Amino acid sequence: MIIDVHGHYTTAPAALGAWRDLQIAALKDPSQTPDPKSLKISDDELRESIETNQLKLMKQRGSDLTIFSPRASFMAHHIGDFQTSSTWAAICNELCFRVSELFPDHFIGAAMLPQSPGVDPATCIPELERCVKDYGFVGINLNPDPSGGHWTSPPLTDRQWYPIYEKMVEHDIPAMIHVSTSCNACFHTTGSHYLNADTTAFMQCLTGDLFKDFPTLKFLIPHGGGAVPYHWGRFRGLAQELKKPLLDEHLLNNIFFDTCVYHQPGIDLLTHVIPVKNILFASEMIGAVRGIDPTTGHYYDDTKRYVAATANLTDEERHMVFEGNARRVFSRLDTALKAKGL
């Protein structure tokens with residue numbers, strides 16, 4: 001199987017965005033807060049939004065299954081308060097669940113959490129548990145910066161995050177460390193904030209000892225790990241200066257990277273530097289980079305093409321990247337697939 005571990009519902013029907021606009025506008029006048037039940041999206045609308053977009057491209061490019069979560073830039077945890085995020089997360093997660101029910105062979109869910117700046121992350125646990133227990137979701141997206149580019153939260157190694165980690169370990173689910181929209185003019189959302197966050201999350205884990213407390217905790221750092229593979233020597237050297245163990249021991253039993261890198265040299269670098277066991281196939285289509293590369297004539301986010309072409313992987317290693325590693329890291333996905341005889 002070709003398993004894409006990084007998909008977002010970026011093509012949701014327009015009614016979703018319109019409801020969100022009403023919710024945001026009502027922050028100035030709570031009496032105008034829209035009822036979640038007022039959002040009406042039919043199964044036919046969901047089917048059309050998927051069949052003409054993600055599913056169409058999956059079939060064209062030859063991928064089979066996508067781990068599907070709400071649109072990252074829509075999470076916008078900096079807007080409103082916890083109740084705002086709680087209502088919004090519940091709506092977005094339910095839509096992803098409905099997609100997984102309509103297309104069970106092609107999509108399975110990962111949850112957005114109702115994070116809010118300055119609010120105890122433990123408040124996210126009810127939604128996390130609902131998505132795992134009621135929806136059969138196989139992972140979560142964890143935003144290390146709910147402030148939207150101002151980084152007011154403590155690092156991921158801080159004990160305030162531990163209630164989330166305890167539930168992750170209990171349910172054996174990984175977290176994709178994924179920020180949302182930047183409201184800081186210094187950081188373009190997808191070109192800067194996302195990649196900064198990937199790099200920052202890795203460095204936070206490097207400087208701490210989180211995985212001594214949670215030896216089975218699993219983080220997936222998206223977008224190829226930001227600057228991490230390119231500056232692997234820097235991170236190895238910094239770990240040495242900080243008297244940390246070698247990175248293979250210190251981090252690579254717990255941290256994994258996806259292949260949302262949009263050119264062949266980037267995938268070649270990733271697969272040359274990072275151990276194969278730590279690389280999971282992903283495309284994040286239809287996402288931040290939707291165009292066609294004029295030098296190749298192919299879509300930038302057709303990452304399967306790059307993984308297939310790199311000389312750095314044997315056929316057995318390619319299988320690990322395309323399927324084996326995803327089933328190992330997302331154990332609940334593996335269980336769901338085995339229940340189908342796959």
# chains A, B, ... in the order shown; residues from 1 in each chain; ligands from 1
$ residues_around --residues "Thr157 in chain A" --least-positions-apart "6" --cutoff "8 Å" --atoms "only C-alpha atoms" --output "number ranges by chain"
A: 204-205, 208-210
$ write_last_selection --atoms "N, CA, C and O atoms" --output "PDB file, in the first residue's frame"
ATOM      1  N   GLN A 204      13.664  21.769  20.503  1.00  0.00           N
ATOM      2  CA  GLN A 204      13.126  21.678  21.859  1.00  0.00           C
ATOM      3  C   GLN A 204      13.320  20.273  22.422  1.00  0.00           C
ATOM      4  O   GLN A 204      13.720  20.102  23.589  1.00  0.00           O
ATOM      5  N   CYS A 205      13.038  19.277  21.618  1.00  0.00           N
ATOM      6  CA  CYS A 205      13.212  17.893  22.068  1.00  0.00           C
ATOM      7  C   CYS A 205      14.689  17.560  22.278  1.00  0.00           C
ATOM      8  O   CYS A 205      15.056  16.842  23.213  1.00  0.00           O
ATOM      9  N   GLY A 208      15.947  18.881  25.644  1.00  0.00           N
ATOM     10  CA  GLY A 208      15.306  18.299  26.821  1.00  0.00           C
ATOM     11  C   GLY A 208      15.547  16.807  26.937  1.00  0.00           C
ATOM     12  O   GLY A 208      16.392  16.226  26.247  1.00  0.00           O
ATOM     13  N   ASP A 209      14.784  16.200  27.838  1.00  0.00           N
ATOM     14  CA  ASP A 209      14.865  14.755  28.065  1.00  0.00           C
ATOM     15  C   ASP A 209      13.463  14.153  28.127  1.00  0.00           C
ATOM     16  O   ASP A 209      13.178  13.272  28.926  1.00  0.00           O
ATOM     17  N   LEU A 210      12.599  14.662  27.255  1.00  0.00           N
ATOM     18  CA  LEU A 210      11.197  14.252  27.263  1.00  0.00           C
ATOM     19  C   LEU A 210      11.017  12.750  27.143  1.00  0.00           C
ATOM     20  O   LEU A 210      10.180  12.151  27.820  1.00  0.00           O
TER      21      LEU A 210
END
$ select_by_dssp --residues "range 159-326 of chain A" --states "strand (DSSP E)" --output "list of chain:residue names"
A:Ala175, A:Met176, A:Ile177, A:Phe219, A:Leu220, A:Ile221, A:Ile255, A:Phe256, A:Phe257, A:Asp258, A:Ile279, A:Leu280
$ closest_residue --among "A:Ser86, A:Lys212, A:Asp105, A:Pro13" --to "Leu342 in chain A" --atoms "only C-alpha atoms"
A:Asp105
$ residues_around --residues "Ala201 in chain A" --least-positions-apart "2" --cutoff "8 Å" --atoms "only C-alpha atoms" --output "list in words"
Pro144, Pro155, Leu156, Ile177, Ala197, Asp198, Thr199, Met203, Gln204, Cys205 and Ile221 of chain A
$ write_last_selection --atoms "N, CA and C atoms" --output "CSV table (one decimal), in the first residue's frame"
chain,number,residue,atom,x,y,z
A,144,PRO,N,2.4,23.3,18.6
A,144,PRO,CA,3.3,23.8,19.7
A,144,PRO,C,3.2,25.3,19.9
A,155,PRO,N,8.0,25.2,25.9
A,155,PRO,CA,8.5,24.2,24.9
A,155,PRO,C,7.8,22.9,25.1
A,156,LEU,N,7.8,22.0,24.1
A,156,LEU,CA,7.1,20.8,24.2
A,156,LEU,C,7.6,19.8,25.3
A,177,ILE,N,3.4,17.2,14.8
A,177,ILE,CA,3.6,18.6,15.4
A,177,ILE,C,3.4,19.6,14.3
A,197,ALA,N,8.6,26.1,12.8
A,197,ALA,CA,8.0,25.3,13.8
A,197,ALA,C,8.6,23.9,13.8
A,198,ASP,N,8.7,23.3,12.6
A,198,ASP,CA,9.3,22.0,12.5
A,198,ASP,C,10.7,21.9,13.1
A,199,THR,N,11.5,22.9,12.8
A,199,THR,CA,12.9,23.0,13.3
A,199,THR,C,12.9,23.3,14.8
A,203,MET,N,14.4,21.0,17.9
A,203,MET,CA,15.4,21.5,18.8
A,203,MET,C,14.9,21.5,20.3
A,204,GLN,N,13.7,21.8,20.5
A,204,GLN,CA,13.1,21.7,21.9
A,204,GLN,C,13.3,20.3,22.4
A,205,CYS,N,13.0,19.3,21.6
A,205,CYS,CA,13.2,17.9,22.1
A,205,CYS,C,14.7,17.6,22.3
A,221,ILE,N,7.3,14.9,12.7
A,221,ILE,CA,7.6,16.3,12.4
A,221,ILE,C,7.4,16.4,10.8
$ residues_around --residues "Asp64 in chain A" --least-positions-apart "4" --cutoff "12 Å" --atoms "only C-alpha atoms" --output "VMD selection string"
chain A and resid 1 to 5 54 to 60 103 to 108 281 to 282 304 322 to 323 337 342
$ residues_around --residues "Asn184 in chain A" --least-positions-apart "3" --cutoff "12 Å" --atoms "only C-alpha atoms" --output "ChimeraX atom specification"
/A:78,145,147-151,180-181,187-189,192-193
$ closest_residue --among "A:Gly80, A:Gly224, A:Gly7, A:Pro229" --to "His263 in chain A" --atoms "only C-alpha atoms"
A:Gly224
$ residues_around --residues "Phe214 in chain A" --least-positions-apart "2" --cutoff "9 Å" --atoms "only C-alpha atoms" --output "PyMOL selection string"
chain A and resi 165-166+169+210-212+216-218
$ atom_distance --atom1 "CA of Thr10 in chain A" --atom2 "CA of Ala72 in chain A"
8.3 Å
$ atom_distance --atom1 "CA of Ser69 in chain A" --atom2 "CA of Gly136 in chain A"
12.5 Å
$ residues_around --residues "Leu220 in chain A" --least-positions-apart "6" --cutoff "9 Å" --atoms "only C-alpha atoms" --output "list in words"
Pro174, Ala175, Met176, Ile177, His178, Asn254, Ile255, Phe256, Phe257, Asp258, Leu280 and Val329 of chain A
$ select_by_dssp --residues "range 40-153 of chain A" --states "alpha helix (DSSP H)" --output "MDAnalysis selection string"
chainID A and resid 43:51 54:61 72:75 82:102 125:133
